[in-house]
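Here the structure is laid out as structure tokens; the discussion comes afterwards.
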Amino acid sequence: MTGSLLVLSWGHPYEAEPFDELINNLGDWDVTHLLHPEAEEAVAGGAARDADAVLFYDMGGYTFADNWVTSRPPSEGFRRAIVERFESGRGAVAMHHALAGWADWPEWHEMLGGRFLYTPGEVRGKKVLDSGYRHDVEYNAQVVARHPVTEGLPDSFPVCDELYLAEIFEADVEPLVRSDYAFTRDNFYSAALGISGTMYSNEGWDHPPGSNLVAWHKQVANAPLVYLQFGDSPVTYRNPHVRKMLANALKFVGEKP
């Protein structure tokens, strides 16, 4: 048995059966899968304390209604449990839309190493536009560091997935994989326009070019965290290289402190 794996999901739609197949075939893990809002309560009650690894595939804190979005911070118990987990030396992996979760908890994004914004806002004291998205992008993922997370991967491999034009704190992370796609305004759509009823548009949205980093490792307190931007759909779940990297990442962060 590799160990115990706690998976947190929901807050953002996904195809449940293919995702369950993915998380149950990433190694010899004893998997517990919790969905929000129950997941927030369970973590606050100690569910993440002793798990060998945690996988964040959630996007907590949002309510989408009337062509807009409102947000709230997590409970104090949830925040404390996550912080204490990293302080104790126990790591985690975050995937895809976790980069957007908990918009009203800035420390979460400092832990992750970046942030996707649904609406214009402020990041690290600077006013920024809402982030960009683009579904079903076919690109080449390029490994830029040899690391336990990239072990066994080719130098480059094809991916079809959603990409983000978001705020990435490159100076604070160890880059692992980059995309050869151009992260420029013309190649993405505005998230704020999307939630307000105008999908697949960037009209009037003048977002600056962004980072092409799609996987990284960083230290959070005494523990490792790995972020993988991969994970929008079953096409990505089935990609053998994505599976390999996710399995590697969970093994890496699940090592005993």
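Going by the structure tokens order, chains are called A, B, ..., each with residues numbered from 1, while ligands are numbered from 1 in the order shown.
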Exercise for review: Identify, with DSSP run on backbone atoms, the residues in range 134-235 of chain A assigned to alpha helix (DSSP H), and express the list as an NGL selection string.
Suggested key: :A and (191-195 or 234-235)
So that I have them on file, write out the residues from the current selection with N, CA, C and O atoms, as a PDB file, in the first residue's frame.
ATOM      1  N   ALA A 191     -12.634  35.326 -18.807  1.00  0.00           N
ATOM      2  CA  ALA A 191     -13.462  34.598 -17.845  1.00  0.00           C
ATOM      3  C   ALA A 191     -14.664  35.431 -17.411  1.00  0.00           C
ATOM      4  O   ALA A 191     -15.768  34.912 -17.252  1.00  0.00           O
ATOM      5  N   ALA A 192     -14.471  36.731 -17.213  1.00  0.00           N
ATOM      6  CA  ALA A 192     -15.578  37.585 -16.783  1.00  0.00           C
ATOM      7  C   ALA A 192     -16.656  37.670 -17.855  1.00  0.00           C
ATOM      8  O   ALA A 192     -17.857  37.641 -17.545  1.00  0.00           O
ATOM      9  N   LEU A 193     -16.256  37.759 -19.116  1.00  0.00           N
ATOM     10  CA  LEU A 193     -17.252  37.748 -20.193  1.00  0.00           C
ATOM     11  C   LEU A 193     -17.978  36.413 -20.219  1.00  0.00           C
ATOM     12  O   LEU A 193     -19.194  36.353 -20.447  1.00  0.00           O
ATOM     13  N   GLY A 194     -17.247  35.339 -19.974  1.00  0.00           N
ATOM     14  CA  GLY A 194     -17.853  34.012 -20.007  1.00  0.00           C
ATOM     15  C   GLY A 194     -18.941  33.840 -18.963  1.00  0.00           C
ATOM     16  O   GLY A 194     -20.030  33.348 -19.263  1.00  0.00           O
ATOM     17  N   ILE A 195     -18.675  34.269 -17.727  1.00  0.00           N
ATOM     18  CA  ILE A 195     -19.677  34.075 -16.683  1.00  0.00           C
ATOM     19  C   ILE A 195     -20.821  35.080 -16.788  1.00  0.00           C
ATOM     20  O   ILE A 195     -21.890  34.876 -16.204  1.00  0.00           O
ATOM     21  N   PRO A 234     -12.065  14.174 -19.663  1.00  0.00           N
ATOM     22  CA  PRO A 234     -11.623  12.782 -19.791  1.00  0.00           C
ATOM     23  C   PRO A 234     -10.508  12.591 -20.810  1.00  0.00           C
ATOM     24  O   PRO A 234      -9.702  11.666 -20.659  1.00  0.00           O
ATOM     25  N   VAL A 235     -10.455  13.432 -21.833  1.00  0.00           N
ATOM     26  CA  VAL A 235      -9.342  13.330 -22.794  1.00  0.00           C
ATOM     27  C   VAL A 235      -8.021  13.498 -22.060  1.00  0.00           C
ATOM     28  O   VAL A 235      -7.063  12.749 -22.294  1.00  0.00           O
TER      29      VAL A 235
END
Exercise for review: Would you list the contacts of Asp206 in chain A as a list in words, taking every protein, DNA or RNA residue within 10 Å and counting only C-alpha atoms, but skipping same-chain residues closer than 3 positions in sequence?
Suggested key: Leu129, Asp130, Thr184, Arg185, Asp186, Ser190, Asn202, Glu203 and Pro209 of chain A
Check your understanding: Which residues come within 7 Å of range 150-154 of chain A, counting only C-alpha atoms, excluding same-chain residues fewer than 4 positions away, as an MDAnalysis selection string?
Key -> chainID A and resid 146 241 245
Using all heavy atoms, can you write the selected residues to a file as a PDB file, in the first residue's frame?
ATOM      1  N   ARG A 146      14.448  17.964 -14.628  1.00  0.00           N
ATOM      2  CA  ARG A 146      14.416  16.583 -14.190  1.00  0.00           C
ATOM      3  C   ARG A 146      14.196  16.570 -12.688  1.00  0.00           C
ATOM      4  O   ARG A 146      14.956  17.180 -11.934  1.00  0.00           O
ATOM      5  CB  ARG A 146      15.698  15.868 -14.589  1.00  0.00           C
ATOM      6  CG  ARG A 146      15.723  15.515 -16.066  1.00  0.00           C
ATOM      7  CD  ARG A 146      14.551  14.650 -16.444  1.00  0.00           C
ATOM      8  NE  ARG A 146      14.249  14.665 -17.882  1.00  0.00           N
ATOM      9  CZ  ARG A 146      13.148  14.187 -18.418  1.00  0.00           C
ATOM     10  NH1 ARG A 146      12.204  13.665 -17.635  1.00  0.00           N
ATOM     11  NH2 ARG A 146      12.936  14.223 -19.713  1.00  0.00           N
ATOM     12  N   HIS A 241       0.816  10.339 -20.262  1.00  0.00           N
ATOM     13  CA  HIS A 241       1.876  11.174 -19.688  1.00  0.00           C
ATOM     14  C   HIS A 241       1.344  12.014 -18.537  1.00  0.00           C
ATOM     15  O   HIS A 241       2.047  12.224 -17.535  1.00  0.00           O
ATOM     16  CB  HIS A 241       2.479  12.058 -20.780  1.00  0.00           C
ATOM     17  CG  HIS A 241       3.009  11.288 -21.947  1.00  0.00           C
ATOM     18  ND1 HIS A 241       4.022  10.359 -21.824  1.00  0.00           N
ATOM     19  CD2 HIS A 241       2.652  11.282 -23.253  1.00  0.00           C
ATOM     20  CE1 HIS A 241       4.282   9.821 -23.008  1.00  0.00           C
ATOM     21  NE2 HIS A 241       3.455  10.365 -23.890  1.00  0.00           N
ATOM     22  N   MET A 245       2.626  11.737 -14.670  1.00  0.00           N
ATOM     23  CA  MET A 245       3.061  12.882 -13.882  1.00  0.00           C
ATOM     24  C   MET A 245       2.246  13.030 -12.600  1.00  0.00           C
ATOM     25  O   MET A 245       2.798  13.327 -11.534  1.00  0.00           O
ATOM     26  CB  MET A 245       2.967  14.154 -14.731  1.00  0.00           C
ATOM     27  CG  MET A 245       3.610  15.348 -14.088  1.00  0.00           C
ATOM     28  SD  MET A 245       3.983  16.708 -15.221  1.00  0.00           S
ATOM     29  CE  MET A 245       2.811  16.451 -16.510  1.00  0.00           C
TER      30      MET A 245
END
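Within 7 Å of range 104-116 of chain A, once only C-alpha atoms are used and residues closer than 5 positions along the same chain are dropped, the contacting residues are Ser71, Arg72, Pro73, Leu99, Ser131, Ala166, Glu167, Ile168, Phe169, Asp172, Val173, Val220 and Tyr227 of chain A.
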Next, dump the selected residues to file, keeping only N, CA and C atoms, as a short mmCIF file (atom, residue, chain, number, x, y, z; two decimals), in the first residue's frame.
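Listing of result_11.cif after writing:
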data_model
loop_
_atom_site.label_atom_id
_atom_site.label_comp_id
_atom_site.auth_asym_id
_atom_site.auth_seq_id
_atom_site.Cartn_x
_atom_site.Cartn_y
_atom_site.Cartn_z
N SER A 71 -18.22 35.31 -4.13
CA SER A 71 -17.25 34.43 -3.49
C SER A 71 -17.24 34.67 -1.98
N ARG A 72 -16.69 33.68 -1.29
CA ARG A 72 -16.55 33.76 0.16
C ARG A 72 -15.28 33.02 0.56
N PRO A 73 -14.71 33.36 1.70
CA PRO A 73 -13.53 32.62 2.16
C PRO A 73 -13.95 31.30 2.77
N LEU A 99 -6.59 26.28 -9.06
CA LEU A 99 -5.91 27.57 -9.15
C LEU A 99 -6.88 28.74 -9.00
N SER A 131 -8.85 36.50 -15.59
CA SER A 131 -7.97 35.58 -16.32
C SER A 131 -8.63 35.07 -17.60
N ALA A 166 -3.30 33.20 -16.71
CA ALA A 166 -3.57 33.54 -15.32
C ALA A 166 -2.33 34.15 -14.67
N GLU A 167 -2.47 34.48 -13.39
CA GLU A 167 -1.35 35.05 -12.62
C GLU A 167 -0.52 33.90 -12.05
N ILE A 168 0.71 33.77 -12.54
CA ILE A 168 1.61 32.71 -12.09
C ILE A 168 2.82 33.36 -11.44
N PHE A 169 3.15 32.94 -10.21
CA PHE A 169 4.25 33.54 -9.47
C PHE A 169 5.55 32.78 -9.77
N ASP A 172 8.64 32.30 -7.52
CA ASP A 172 8.50 31.59 -6.26
C ASP A 172 8.36 30.09 -6.41
N VAL A 173 8.45 29.58 -7.63
CA VAL A 173 8.23 28.15 -7.86
C VAL A 173 9.39 27.55 -8.63
N VAL A 220 5.88 24.69 0.69
CA VAL A 220 4.92 25.44 1.49
C VAL A 220 5.18 25.08 2.95
N TYR A 227 1.77 21.73 -8.39
CA TYR A 227 0.58 22.17 -9.14
C TYR A 227 0.71 21.70 -10.58
#
Exercise for review: Can you list, as an MDAnalysis selection string, all residues belonging to range 60-256 of chain A that DSSP tags as strand (DSSP E)?
Suggested key: chainID A and resid 62:65 68:71 92:95 114:115 121:123 126:128 132:143 156:165 167:168 174:179 189:190 213:220 223:228
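Here the question is which of A:Ala92, A:Leu250, A:Cys160, A:Val144 gets nearest to Arg238 in chain A using only C-alpha atoms, and that residue is A:Cys160.
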